[in-house]
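To be precise, the following lines are target_21.cif, and they hold mmCIF, C-alpha atoms and all ligand atoms.
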```
data_work
#
loop_
_atom_site.label_atom_id
_atom_site.label_comp_id
_atom_site.auth_asym_id
_atom_site.auth_seq_id
_atom_site.Cartn_x
_atom_site.Cartn_y
_atom_site.Cartn_z
CA MET S 16 19.92 -14.44 16.40
CA ALA S 17 19.64 -11.47 18.73
CA GLU S 18 17.41 -10.09 21.44
CA TYR S 19 16.19 -6.54 21.13
CA LYS S 20 14.55 -4.62 23.97
CA THR S 21 12.85 -1.37 23.10
CA LYS S 22 10.27 1.13 24.23
CA VAL S 23 8.85 1.24 20.70
CA LEU S 24 8.96 -1.54 18.14
CA ILE S 25 7.89 -0.47 14.65
CA ILE S 26 6.90 -3.22 12.24
CA GLY S 27 7.19 -2.18 8.58
CA SER S 28 9.40 0.17 6.57
CA GLY S 29 6.94 2.06 4.37
CA PRO S 30 6.12 5.77 4.79
CA ALA S 31 4.13 4.98 7.97
CA GLY S 32 6.92 2.97 9.60
CA TYR S 33 9.77 5.35 8.77
CA THR S 34 7.76 8.39 9.87
CA ALA S 35 6.80 6.68 13.11
CA GLY S 36 10.50 5.92 13.58
CA ILE S 37 11.56 9.53 12.98
CA TYR S 38 9.02 10.84 15.49
CA ALA S 39 9.76 8.16 18.10
CA ALA S 40 13.52 8.62 17.80
CA ARG S 41 13.25 12.39 18.10
CA ALA S 42 11.10 11.87 21.22
CA GLY S 43 14.04 9.98 22.76
CA LEU S 44 12.35 6.58 22.63
CA ASN S 45 15.21 4.76 20.86
CA PRO S 46 12.89 2.79 18.54
CA VAL S 47 13.68 -0.43 16.69
CA LEU S 48 12.20 -0.80 13.20
CA VAL S 49 11.81 -4.18 11.49
CA SER S 50 11.83 -3.61 7.72
CA GLY S 51 9.91 -6.66 6.54
CA PRO S 52 10.03 -8.43 3.19
CA GLN S 53 9.77 -5.22 1.15
CA ILE S 54 12.31 -2.69 2.43
CA GLY S 55 10.82 0.75 1.77
CA GLY S 56 7.31 -0.60 1.19
CA GLN S 57 5.04 -0.27 -1.82
CA LEU S 58 6.52 2.93 -3.22
CA THR S 59 9.65 0.99 -4.17
CA MET S 60 7.55 -0.55 -6.95
CA THR S 61 6.82 2.70 -8.72
CA THR S 62 8.65 5.36 -10.69
CA ASP S 63 7.78 9.05 -10.43
CA ILE S 64 6.07 10.41 -7.30
CA GLU S 65 4.58 13.83 -7.88
CA ASN S 66 2.20 14.10 -4.94
CA PHE S 67 4.49 13.86 -1.92
CA PRO S 68 5.02 17.41 -0.64
CA GLY S 69 8.53 18.78 -0.40
CA PHE S 70 9.77 17.73 -3.82
CA ALA S 71 9.36 20.41 -6.47
CA GLU S 72 10.45 17.93 -9.14
CA PRO S 73 9.18 14.33 -9.38
CA ILE S 74 11.14 11.92 -7.20
CA SER S 75 11.33 8.18 -7.86
CA GLY S 76 9.57 5.90 -5.37
CA PRO S 77 12.77 4.01 -4.43
CA GLN S 78 14.68 7.30 -3.97
CA LEU S 79 11.95 8.79 -1.77
CA MET S 80 11.99 5.70 0.42
CA GLU S 81 15.79 5.63 0.56
CA ASN S 82 15.68 9.27 1.73
CA MET S 83 13.15 8.38 4.44
CA ARG S 84 15.29 5.45 5.61
CA THR S 85 18.43 7.59 5.77
CA GLN S 86 16.55 10.33 7.63
CA ALA S 87 15.25 7.75 10.12
CA GLN S 88 18.73 6.29 10.61
CA ASN S 89 20.22 9.76 11.03
CA VAL S 90 17.91 10.53 13.94
CA GLY S 91 18.68 7.23 15.61
CA VAL S 92 16.18 4.57 14.48
CA ARG S 93 17.74 1.10 14.78
CA MET S 94 16.92 -0.87 11.63
CA VAL S 95 16.61 -4.64 11.57
CA ASP S 96 16.08 -6.19 8.13
CA ASP S 97 13.87 -9.08 9.11
CA LYS S 98 10.22 -10.16 9.06
CA ILE S 99 7.99 -10.56 12.11
CA THR S 100 6.40 -14.02 12.04
CA GLU S 101 4.83 -14.28 15.50
CA VAL S 102 3.57 -11.88 18.12
CA ASP S 103 2.33 -12.21 21.67
CA PHE S 104 0.34 -9.17 22.72
CA ASN S 105 -1.05 -10.88 25.84
CA THR S 106 2.18 -10.42 27.80
CA ARG S 107 3.85 -7.20 28.96
CA PRO S 108 6.27 -6.23 27.57
CA PHE S 109 5.01 -7.46 24.20
CA VAL S 110 7.04 -10.18 22.52
CA CYS S 111 7.56 -10.54 18.77
CA SER S 112 9.75 -13.05 16.99
CA SER S 113 11.08 -13.10 13.48
CA GLU S 114 11.98 -15.17 10.46
CA ASN S 115 15.69 -14.92 11.30
CA GLY S 116 15.13 -16.09 14.88
CA ASN S 117 15.42 -12.65 16.49
CA GLU S 118 13.30 -11.82 19.52
CA PHE S 119 11.94 -8.37 20.24
CA THR S 120 10.46 -7.27 23.56
CA ALA S 121 8.71 -3.93 23.43
CA ASP S 122 6.68 -1.67 25.72
CA THR S 123 4.71 -0.43 22.73
CA VAL S 124 4.32 -1.70 19.17
CA ILE S 125 3.42 0.25 16.04
CA VAL S 126 2.10 -2.00 13.30
CA SER S 127 2.68 -0.46 9.86
CA THR S 128 2.74 -3.50 7.62
CA GLY S 129 0.70 -1.95 4.79
CA SER S 130 -1.86 -3.41 2.48
CA SER S 131 -0.61 -5.00 -0.71
CA ALA S 132 -2.41 -4.47 -3.99
CA ARG S 133 -3.67 -7.67 -5.59
CA TRP S 134 -2.11 -8.16 -8.99
CA LEU S 135 -3.04 -10.37 -11.94
CA ASN S 136 0.22 -12.28 -11.48
CA LEU S 137 1.24 -12.17 -15.11
CA PRO S 138 4.99 -11.96 -15.84
CA SER S 139 4.30 -9.17 -18.37
CA GLU S 140 2.33 -7.24 -15.72
CA LYS S 141 5.24 -7.45 -13.28
CA LYS S 142 7.64 -6.19 -15.94
CA TYR S 143 5.66 -2.99 -16.47
CA ILE S 144 4.65 -2.11 -12.87
CA GLY S 145 5.65 1.53 -12.56
CA PHE S 146 6.05 1.76 -16.34
CA GLY S 147 2.41 1.81 -17.38
CA VAL S 148 0.93 -0.74 -14.98
CA SER S 149 -0.43 0.72 -11.76
CA ALA S 150 -2.71 -0.15 -8.88
CA CYS S 151 -3.58 3.43 -7.97
CA ALA S 152 -5.45 5.90 -10.18
CA THR S 153 -5.12 8.71 -7.63
CA CYS S 154 -1.35 8.23 -7.76
CA ASP S 155 -0.82 7.79 -11.49
CA GLY S 156 -3.94 9.02 -13.36
CA PHE S 157 -2.31 12.40 -13.87
CA PHE S 158 0.28 10.83 -16.20
CA TYR S 159 -2.41 9.74 -18.70
CA ARG S 160 -3.84 13.04 -19.92
CA GLY S 161 -5.46 12.54 -23.31
CA LYS S 162 -4.35 8.87 -23.45
CA ASN S 163 -6.21 5.57 -23.54
CA VAL S 164 -6.17 3.43 -20.41
CA ALA S 165 -7.82 0.27 -19.11
CA VAL S 166 -8.98 -0.68 -15.64
CA VAL S 167 -9.28 -4.34 -14.61
CA GLY S 168 -12.00 -5.23 -12.10
CA GLY S 169 -15.71 -5.05 -11.52
CA GLY S 170 -16.20 -3.89 -7.93
CA ASN S 171 -16.56 -0.45 -6.39
CA THR S 172 -12.82 0.20 -6.48
CA ALA S 173 -12.63 -0.55 -10.20
CA ALA S 174 -15.66 1.64 -10.88
CA GLU S 175 -14.17 4.48 -8.82
CA GLU S 176 -10.80 4.16 -10.53
CA ALA S 177 -12.44 4.17 -13.98
CA LEU S 178 -14.54 7.25 -13.18
CA TYR S 179 -11.54 9.04 -11.68
CA LEU S 180 -9.47 8.32 -14.78
CA THR S 181 -12.07 9.89 -17.06
CA GLY S 182 -10.86 13.20 -15.61
CA PHE S 183 -7.59 12.69 -17.50
CA ALA S 184 -7.78 9.97 -20.12
CA ALA S 185 -9.37 10.21 -23.56
CA LYS S 186 -10.86 6.73 -23.18
CA VAL S 187 -11.16 4.25 -20.32
CA TYR S 188 -11.81 0.56 -20.95
CA LEU S 189 -13.18 -1.31 -17.96
CA ILE S 190 -12.22 -4.96 -18.37
CA HIS S 191 -14.35 -7.32 -16.31
CA ARG S 192 -14.32 -11.10 -16.32
CA ARG S 193 -18.09 -11.42 -15.81
CA ASP S 194 -21.20 -10.12 -17.57
CA ALA S 195 -22.26 -7.90 -14.67
CA LEU S 196 -20.40 -5.51 -12.37
CA ARG S 197 -20.24 -6.09 -8.62
CA ALA S 198 -20.10 -2.36 -7.86
CA ASP S 199 -23.03 -0.62 -6.10
CA ALA S 200 -25.98 0.25 -8.31
CA VAL S 201 -25.18 3.98 -8.13
CA MET S 202 -21.59 3.41 -9.19
CA GLN S 203 -22.68 1.08 -11.99
CA LYS S 204 -25.04 3.72 -13.30
CA ARG S 205 -22.34 6.39 -13.27
CA VAL S 206 -19.92 4.08 -15.08
CA LYS S 207 -22.43 3.03 -17.69
CA GLU S 208 -23.56 6.59 -18.36
CA ASN S 209 -20.05 7.98 -18.73
CA PRO S 210 -19.31 8.38 -22.46
CA LYS S 211 -15.56 7.94 -21.94
CA ILE S 212 -15.94 4.47 -20.38
CA GLU S 213 -16.37 1.34 -22.45
CA ILE S 214 -16.97 -1.87 -20.52
CA VAL S 215 -15.31 -4.96 -21.96
CA TRP S 216 -17.43 -7.78 -20.58
CA ASP S 217 -16.49 -11.42 -19.93
CA SER S 218 -12.84 -10.73 -20.51
CA VAL S 219 -9.51 -11.27 -18.79
CA VAL S 220 -6.06 -9.85 -19.49
CA ASP S 221 -3.73 -12.55 -20.81
CA GLU S 222 -0.73 -10.36 -21.45
CA VAL S 223 0.43 -6.79 -21.06
CA LEU S 224 2.07 -5.57 -24.25
CA GLY S 225 4.73 -2.90 -24.41
CA SER S 226 7.98 -1.49 -25.67
CA GLU S 227 11.48 -2.11 -24.32
CA GLN S 228 13.16 1.24 -24.83
CA PRO S 229 11.74 3.21 -23.30
CA LEU S 230 10.03 0.57 -21.16
CA GLY S 231 6.31 1.24 -21.39
CA VAL S 232 2.87 -0.24 -21.99
CA ASN S 233 1.24 0.07 -25.41
CA GLY S 234 -1.54 -2.51 -25.21
CA VAL S 235 -3.11 -5.54 -23.61
CA LYS S 236 -4.02 -8.92 -25.00
CA ILE S 237 -7.45 -9.87 -23.71
CA ARG S 238 -9.41 -13.10 -23.92
CA ASN S 239 -13.17 -13.50 -23.86
CA VAL S 240 -13.82 -16.20 -21.26
CA LYS S 241 -17.02 -17.36 -22.99
CA THR S 242 -15.77 -17.57 -26.58
CA ASP S 243 -12.00 -17.83 -25.99
CA ALA S 244 -11.58 -15.16 -28.66
CA VAL S 245 -8.35 -13.19 -28.21
CA SER S 246 -8.05 -9.52 -29.12
CA GLU S 247 -5.83 -6.55 -28.38
CA LEU S 248 -6.61 -3.13 -26.94
CA MET S 249 -4.20 -0.30 -27.68
CA ILE S 250 -3.68 1.48 -24.36
CA ASP S 251 -0.97 3.46 -22.62
CA GLY S 252 -1.79 2.49 -19.06
CA LEU S 253 -3.30 -0.46 -17.21
CA PHE S 254 -4.84 0.00 -13.77
CA VAL S 255 -5.34 -3.20 -11.81
CA ALA S 256 -8.25 -2.68 -9.39
CA ILE S 257 -9.02 -6.13 -8.05
CA GLY S 258 -8.57 -5.32 -4.38
CA HIS S 259 -5.98 -5.06 -1.66
CA HIS S 260 -4.74 -7.52 0.91
CA PRO S 261 -3.91 -5.99 4.31
CA ASN S 262 -0.82 -7.61 5.82
CA THR S 263 -2.43 -8.56 9.12
CA GLU S 264 -2.13 -12.35 9.20
CA VAL S 265 0.42 -12.28 12.03
CA PHE S 266 -1.78 -10.08 14.22
CA LYS S 267 -5.22 -11.57 13.63
CA ASN S 268 -5.33 -13.51 16.92
CA PHE S 269 -4.79 -10.34 18.94
CA LEU S 270 -5.99 -7.28 17.04
CA LYS S 271 -9.55 -6.54 16.00
CA LEU S 272 -9.82 -6.55 12.21
CA ASP S 273 -12.69 -5.37 10.04
CA ASP S 274 -14.43 -7.64 7.55
CA ASN S 275 -11.73 -6.99 4.97
CA GLY S 276 -8.86 -7.73 7.33
CA TYR S 277 -7.81 -4.13 8.09
CA ILE S 278 -6.81 -3.33 11.68
CA MET S 279 -9.52 -1.37 13.47
CA THR S 280 -8.27 1.76 15.21
CA ALA S 281 -9.91 4.32 17.49
CA PRO S 282 -11.62 7.19 15.64
CA ASN S 283 -9.14 9.98 14.83
CA GLY S 284 -6.31 7.93 16.26
CA THR S 285 -4.11 4.87 15.90
CA ALA S 286 -4.92 2.93 19.09
CA THR S 287 -5.96 -0.68 18.56
CA ASN S 288 -8.00 -2.84 20.92
CA ILE S 289 -4.78 -3.66 22.82
CA ALA S 290 -3.48 -0.79 24.95
CA GLY S 291 0.06 0.00 23.83
CA VAL S 292 -0.32 -1.44 20.33
CA PHE S 293 -0.92 1.13 17.60
CA ALA S 294 -1.53 0.74 13.88
CA ALA S 295 -0.54 3.23 11.19
CA GLY S 296 -0.76 3.56 7.42
CA ASP S 297 -2.50 1.42 4.84
CA VAL S 298 -2.83 -1.51 7.25
CA GLN S 299 -5.60 0.40 9.03
CA ASP S 300 -6.86 2.56 6.16
CA ALA S 301 -8.84 1.07 3.32
CA LYS S 302 -9.99 4.49 2.21
CA PHE S 303 -7.08 6.82 1.38
CA ARG S 304 -4.05 4.51 0.91
CA GLN S 305 -1.57 7.26 0.06
CA ALA S 306 2.04 7.78 1.08
CA ILE S 307 1.27 11.12 2.72
CA THR S 308 -1.71 9.82 4.70
CA SER S 309 0.35 6.80 5.81
CA ALA S 310 3.23 9.00 6.87
CA ALA S 311 0.81 11.22 8.81
CA SER S 312 -0.66 8.30 10.70
CA GLY S 313 2.87 7.03 11.43
CA ALA S 314 3.55 10.36 13.13
CA MET S 315 0.29 10.05 15.06
CA ALA S 316 1.14 6.51 16.20
CA ALA S 317 4.55 7.56 17.52
CA MET S 318 3.01 10.48 19.41
CA GLU S 319 0.35 8.21 20.88
CA ALA S 320 2.99 5.64 21.86
CA GLU S 321 4.97 8.38 23.58
CA LYS S 322 1.89 9.53 25.51
CA PHE S 323 1.09 5.92 26.46
CA LEU S 324 4.61 5.44 27.86
CA GLN S 325 4.38 8.70 29.80
CA MET S 326 1.08 7.57 31.37
CA GLN S 327 2.61 4.20 32.32
CA ASN S 328 5.49 5.90 34.06
CA SER S 329 3.49 8.59 35.87
C1 LIG S 401 2.43 0.88 -7.88
C2 LIG S 401 2.05 1.84 -6.78
C3 LIG S 401 2.21 3.21 -6.97
C4 LIG S 401 1.87 4.09 -5.97
N1 LIG S 401 2.06 5.43 -6.18
C5 LIG S 401 1.78 6.31 -5.20
C6 LIG S 401 1.98 7.71 -5.39
O1 LIG S 401 2.41 8.17 -6.46
N2 LIG S 401 1.69 8.54 -4.34
C7 LIG S 401 1.18 8.08 -3.14
O2 LIG S 401 0.95 8.88 -2.24
N3 LIG S 401 0.97 6.75 -2.95
C8 LIG S 401 1.25 5.87 -3.93
N4 LIG S 401 1.00 4.54 -3.76
C9 LIG S 401 0.42 4.10 -2.47
C10 LIG S 401 1.52 4.06 -1.40
O3 LIG S 401 2.56 3.27 -1.87
C11 LIG S 401 0.97 3.49 -0.11
O4 LIG S 401 -0.18 4.22 0.29
C12 LIG S 401 2.01 3.58 1.00
O5 LIG S 401 3.21 2.96 0.60
C13 LIG S 401 1.52 2.93 2.28
O6 LIG S 401 2.49 3.06 3.23
P1 LIG S 401 2.57 2.10 4.50
O7 LIG S 401 3.77 2.53 5.25
O8 LIG S 401 1.27 2.08 5.19
O9 LIG S 401 2.75 0.63 3.91
P2 LIG S 401 3.70 0.00 2.79
O10 LIG S 401 4.36 1.01 1.95
O11 LIG S 401 2.86 -1.02 2.14
O12 LIG S 401 4.81 -0.72 3.65
C14 LIG S 401 4.52 -1.86 4.42
C15 LIG S 401 5.81 -2.34 5.06
O13 LIG S 401 5.50 -3.39 5.97
C16 LIG S 401 6.48 -4.38 5.85
N5 LIG S 401 5.94 -5.65 6.36
C17 LIG S 401 4.88 -6.35 5.90
N6 LIG S 401 4.71 -7.48 6.63
C18 LIG S 401 5.69 -7.45 7.58
C19 LIG S 401 6.08 -8.33 8.65
N7 LIG S 401 5.41 -9.46 8.89
N8 LIG S 401 7.15 -8.01 9.41
C20 LIG S 401 7.83 -6.85 9.20
N9 LIG S 401 7.49 -5.97 8.21
C21 LIG S 401 6.45 -6.29 7.43
C22 LIG S 401 6.85 -4.39 4.37
O14 LIG S 401 8.14 -4.93 4.18
C23 LIG S 401 6.82 -2.89 4.08
O15 LIG S 401 8.09 -2.34 4.37
C24 LIG S 401 1.33 3.61 -4.74
C25 LIG S 401 1.16 2.25 -4.54
C26 LIG S 401 1.51 1.36 -5.54
C27 LIG S 401 1.32 -0.12 -5.31
#
```
If you convert what's in this file into structure tokens, what do you get?
Ligand SMILES: Cc1cc2nc3c(=O)[nH]c(=O)nc-3n(C[C@H](O)[C@H](O)[C@H](O)COP(=O)(O)OP(=O)(O)OC[C@H]3O[C@@H](n4cnc5c(N)ncnc54)[C@H](O)[C@@H]3O)c2cc1C
Amino acid sequence: MAEYKTKVLIIGSGPAGYTAGIYAARAGLNPVLVSGPQIGGQLTMTTDIENFPGFAEPISGPQLMENMRTQAQNVGVRMVDDKITEVDFNTRPFVCSSENGNEFTADTVIVSTGSSARWLNLPSEKKYIGFGVSACATCDGFFYRGKNVAVVGGGNTAAEEALYLTGFAAKVYLIHRRDALRADAVMQKRVKENPKIEIVWDSVVDEVLGSEQPLGVNGVKIRNVKTDAVSELMIDGLFVAIGHHPNTEVFKNFLKLDDNGYIMTAPNGTATNIAGVFAAGDVQDAKFRQAITSAASGAMAAMEAEKFLQMQNS
């Protein structure tokens, strides 16, 4: 148990949190960063990253995040591997407490707790995440040129992912557990008219099939929920598009959230409804959800926190 006092407390250790840390430390603010349950954030679940600038060759997700952590530590970010369980944003300085009984008092807080993809929760799915199972077509679609893939879901995100994947894949199965899509009419029309997309109605994935060496997906076992008939689809990639869950539970009594639970921030900025509390990365961005956009908003949050502190002291 320890007490930490800081000008800037950063909650979360994904691209947004580490970047906020780097900027805040280099601004002389001596930030403390609480890593949370997933040190390095979502990218630690994936293999090759090809769309983060600065790496001419693909870099693995865990390695990229390790680099960011080391860079943050090198410029002076104090890391605490713990999880924030309670916050009080009604007092000044703000008070946050953690799973391990630590207490943090902070003049400003940057919330960068991300938004976790919802998964099917199958053991076989977990085994192949990063090896053929993905939750992000923008991130991984490129790897499936000329291959067969499947998307699970029936909402706008699933429709968008399926349409996006037709730019690469030879064939895209859209597996949906009902007999009608939930996506907007326009999206439904585009999906249904696309010759590369085949909708597999009334079906759920029971198992992801794949090889051991090299580890990789080569099919899915699906079950028709009306007939219970089981069949297999031969695919190279499975994209799970059943939504995201922003990690905002701890903040919901203080910060304004949108209908889907994302933190609402000022237009073109990271300020929340509480002066001195900023939000960066996927936790406030249901639209882009990329490492580079998260990192960018982490930088913005640190710069806004710095400005806020200057105003307080002037
Ligand atoms: C399988 C997969 C592959 C992807 N591939 C790519 C890709 O190739 N390129 C790309 O640009 N993007 C990719 N993405 C998206 C990218 O990972 C996210 O956009 C990015 O990680 C978001 O960064 P973030 O910092 O906002 O949040 P996250 O990376 O989600 O990090 C959130 C952090 O908050 C912490 N946290 C949560 N709750 C608490 C708490 N209560 N207390 C303290 N800490 C807490 C977690 O431990 C974690 O460290 C991929 C995502 C997935 C799931």
Ligand LIG 401 (chain S): which residues are within 7 Å, counting all atoms listed in the file, as a PyMOL selection string?
chain S and resi 26-32+49-58+60-61+63-67+97-100+127-132+144-145+149-151+154-155+262+265+295-298+304-307+309-310
Deliver the residues from the most recent selection as a file, using C-alpha atoms, as an mmCIF file, keeping the file's coordinate frame.
```
data_model
loop_
_atom_site.group_PDB
_atom_site.id
_atom_site.type_symbol
_atom_site.label_atom_id
_atom_site.label_comp_id
_atom_site.auth_asym_id
_atom_site.auth_seq_id
_atom_site.Cartn_x
_atom_site.Cartn_y
_atom_site.Cartn_z
ATOM 1 C CA ILE S 26 6.900 -3.220 12.240
ATOM 2 C CA GLY S 27 7.190 -2.180 8.580
ATOM 3 C CA SER S 28 9.400 0.170 6.570
ATOM 4 C CA GLY S 29 6.940 2.060 4.370
ATOM 5 C CA PRO S 30 6.120 5.770 4.790
ATOM 6 C CA ALA S 31 4.130 4.980 7.970
ATOM 7 C CA GLY S 32 6.920 2.970 9.600
ATOM 8 C CA VAL S 49 11.810 -4.180 11.490
ATOM 9 C CA SER S 50 11.830 -3.610 7.720
ATOM 10 C CA GLY S 51 9.910 -6.660 6.540
ATOM 11 C CA PRO S 52 10.030 -8.430 3.190
ATOM 12 C CA GLN S 53 9.770 -5.220 1.150
ATOM 13 C CA ILE S 54 12.310 -2.690 2.430
ATOM 14 C CA GLY S 55 10.820 0.750 1.770
ATOM 15 C CA GLY S 56 7.310 -0.600 1.190
ATOM 16 C CA GLN S 57 5.040 -0.270 -1.820
ATOM 17 C CA LEU S 58 6.520 2.930 -3.220
ATOM 18 C CA MET S 60 7.550 -0.550 -6.950
ATOM 19 C CA THR S 61 6.820 2.700 -8.720
ATOM 20 C CA ASP S 63 7.780 9.050 -10.430
ATOM 21 C CA ILE S 64 6.070 10.410 -7.300
ATOM 22 C CA GLU S 65 4.580 13.830 -7.880
ATOM 23 C CA ASN S 66 2.200 14.100 -4.940
ATOM 24 C CA PHE S 67 4.490 13.860 -1.920
ATOM 25 C CA ASP S 97 13.870 -9.080 9.110
ATOM 26 C CA LYS S 98 10.220 -10.160 9.060
ATOM 27 C CA ILE S 99 7.990 -10.560 12.110
ATOM 28 C CA THR S 100 6.400 -14.020 12.040
ATOM 29 C CA SER S 127 2.680 -0.460 9.860
ATOM 30 C CA THR S 128 2.740 -3.500 7.620
ATOM 31 C CA GLY S 129 0.700 -1.950 4.790
ATOM 32 C CA SER S 130 -1.860 -3.410 2.480
ATOM 33 C CA SER S 131 -0.610 -5.000 -0.710
ATOM 34 C CA ALA S 132 -2.410 -4.470 -3.990
ATOM 35 C CA ILE S 144 4.650 -2.110 -12.870
ATOM 36 C CA GLY S 145 5.650 1.530 -12.560
ATOM 37 C CA SER S 149 -0.430 0.720 -11.760
ATOM 38 C CA ALA S 150 -2.710 -0.150 -8.880
ATOM 39 C CA CYS S 151 -3.580 3.430 -7.970
ATOM 40 C CA CYS S 154 -1.350 8.230 -7.760
ATOM 41 C CA ASP S 155 -0.820 7.790 -11.490
ATOM 42 C CA ASN S 262 -0.820 -7.610 5.820
ATOM 43 C CA VAL S 265 0.420 -12.280 12.030
ATOM 44 C CA ALA S 295 -0.540 3.230 11.190
ATOM 45 C CA GLY S 296 -0.760 3.560 7.420
ATOM 46 C CA ASP S 297 -2.500 1.420 4.840
ATOM 47 C CA VAL S 298 -2.830 -1.510 7.250
ATOM 48 C CA ARG S 304 -4.050 4.510 0.910
ATOM 49 C CA GLN S 305 -1.570 7.260 0.060
ATOM 50 C CA ALA S 306 2.040 7.780 1.080
ATOM 51 C CA ILE S 307 1.270 11.120 2.720
ATOM 52 C CA SER S 309 0.350 6.800 5.810
ATOM 53 C CA ALA S 310 3.230 9.000 6.870
#
```
Extract, using all atoms listed in the file, all DNA, RNA and protein residues at most 10 Å from region 193-204 of chain S, discarding same-chain residues fewer than 6 positions from it, and format them as a short mmCIF file (atom, residue, chain, number, x, y, z; two decimals) with C-alpha atoms, in the coordinates of the input.
```cif
data_model
loop_
_atom_site.label_atom_id
_atom_site.label_comp_id
_atom_site.auth_asym_id
_atom_site.auth_seq_id
_atom_site.Cartn_x
_atom_site.Cartn_y
_atom_site.Cartn_z
CA GLY S 168 -12.00 -5.23 -12.10
CA GLY S 169 -15.71 -5.05 -11.52
CA GLY S 170 -16.20 -3.89 -7.93
CA ASN S 171 -16.56 -0.45 -6.39
CA THR S 172 -12.82 0.20 -6.48
CA ALA S 173 -12.63 -0.55 -10.20
CA ALA S 174 -15.66 1.64 -10.88
CA GLU S 175 -14.17 4.48 -8.82
CA LEU S 178 -14.54 7.25 -13.18
CA ILE S 214 -16.97 -1.87 -20.52
CA VAL S 215 -15.31 -4.96 -21.96
CA TRP S 216 -17.43 -7.78 -20.58
CA ASP S 217 -16.49 -11.42 -19.93
CA SER S 218 -12.84 -10.73 -20.51
CA VAL S 219 -9.51 -11.27 -18.79
CA ASN S 239 -13.17 -13.50 -23.86
CA VAL S 240 -13.82 -16.20 -21.26
CA LYS S 241 -17.02 -17.36 -22.99
#
```
Taking all atoms listed in the file into account, which of S:Asp122, S:Glu213, S:Asp274, S:Asp251 comes nearest Val23 (chain S)?
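Result for the nearest residue to Val23 (chain S): S:Asp122.
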Figure out the distance between CA of Val90 (chain S) and CA of Tyr38 (chain S), please, to one decimal in Å.
9.0 Å
Distance criterion (all atoms listed in the file): nearest to Val220 (chain S) out of S:Met279, S:Ile237, S:Ala42, S:Ala286:
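Ranking S:Met279, S:Ile237, S:Ala42, S:Ala286 by distance to Val220 (chain S), first place goes to S:Ile237.
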Point-to-point distance in Å for CA of Ser312 (chain S) and CA of Ala294 (chain S)
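Answer for the CA of Ala294 (chain S) to CA of Ser312 (chain S) separation: 8.2 Å.
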Residues at most 12 Å from region 222-233 of chain S, counting all atoms listed in the file, excluding those fewer than 6 positions away in the same chain, as a ChimeraX atom specification?
/S:62,135-149,159,162-165,167,245-255
Around region 195-204 of chain S, fit a box with edges along x, y and z, padding it by 8 Å on each side, then list its centre and edge lengths in Å to one decimal as AutoDock Vina command-line options.
```
--center_x -23.0 --center_y -2.0 --center_z -10.4 --size_x 21.9 --size_y 27.9 --size_z 24.6
```
Report, in Å with one decimal, the straight-line distance from CA of Gly36 (chain S) to CA of Ala317 (chain S).
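Between these atoms lies a distance of 7.3 Å.
For the set S:Ser113, S:Thr120, S:Asn268, S:Gln299, the residue with the smallest atom-to-atom gap to Val47 (chain S) is S:Thr120, counting only C-alpha atoms.
Comparing S:Val166, S:Leu24, S:Val235, S:Met326 by their smallest distance to His191 (chain S), the closest is S:Val166 (using all atoms listed in the file).
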Incomplete region 152-162 of chain S filled out to N, CA and C atoms as a short mmCIF file (atom, residue, chain, number, x, y, z; two decimals), keeping the file's coordinate frame:
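Final output, saved to selection.cif:
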```
data_model
loop_
_atom_site.label_atom_id
_atom_site.label_comp_id
_atom_site.auth_asym_id
_atom_site.auth_seq_id
_atom_site.Cartn_x
_atom_site.Cartn_y
_atom_site.Cartn_z
N ALA S 152 -5.10 4.82 -9.25
CA ALA S 152 -5.45 5.90 -10.18
C ALA S 152 -5.15 7.28 -9.57
N THR S 153 -5.40 7.42 -8.27
CA THR S 153 -5.12 8.71 -7.63
C THR S 153 -3.63 9.06 -7.78
N CYS S 154 -2.80 8.00 -7.69
CA CYS S 154 -1.35 8.23 -7.76
C CYS S 154 -0.90 8.52 -9.19
N ASP S 155 -1.42 7.78 -10.15
CA ASP S 155 -0.82 7.79 -11.49
C ASP S 155 -1.73 8.30 -12.61
N GLY S 156 -3.01 8.57 -12.32
CA GLY S 156 -3.94 9.02 -13.36
C GLY S 156 -3.44 10.25 -14.09
N PHE S 157 -2.81 11.14 -13.35
CA PHE S 157 -2.31 12.40 -13.87
C PHE S 157 -1.39 12.22 -15.08
N PHE S 158 -0.69 11.07 -15.13
CA PHE S 158 0.28 10.83 -16.20
C PHE S 158 -0.40 10.44 -17.52
N TYR S 159 -1.73 10.29 -17.51
CA TYR S 159 -2.41 9.74 -18.70
C TYR S 159 -3.37 10.74 -19.33
N ARG S 160 -3.03 12.00 -19.28
CA ARG S 160 -3.84 13.04 -19.92
C ARG S 160 -3.96 12.77 -21.41
N GLY S 161 -5.21 12.69 -21.88
CA GLY S 161 -5.46 12.54 -23.31
C GLY S 161 -5.11 11.16 -23.86
N LYS S 162 -4.76 10.21 -22.97
CA LYS S 162 -4.35 8.87 -23.45
C LYS S 162 -5.46 7.86 -23.21
#
```
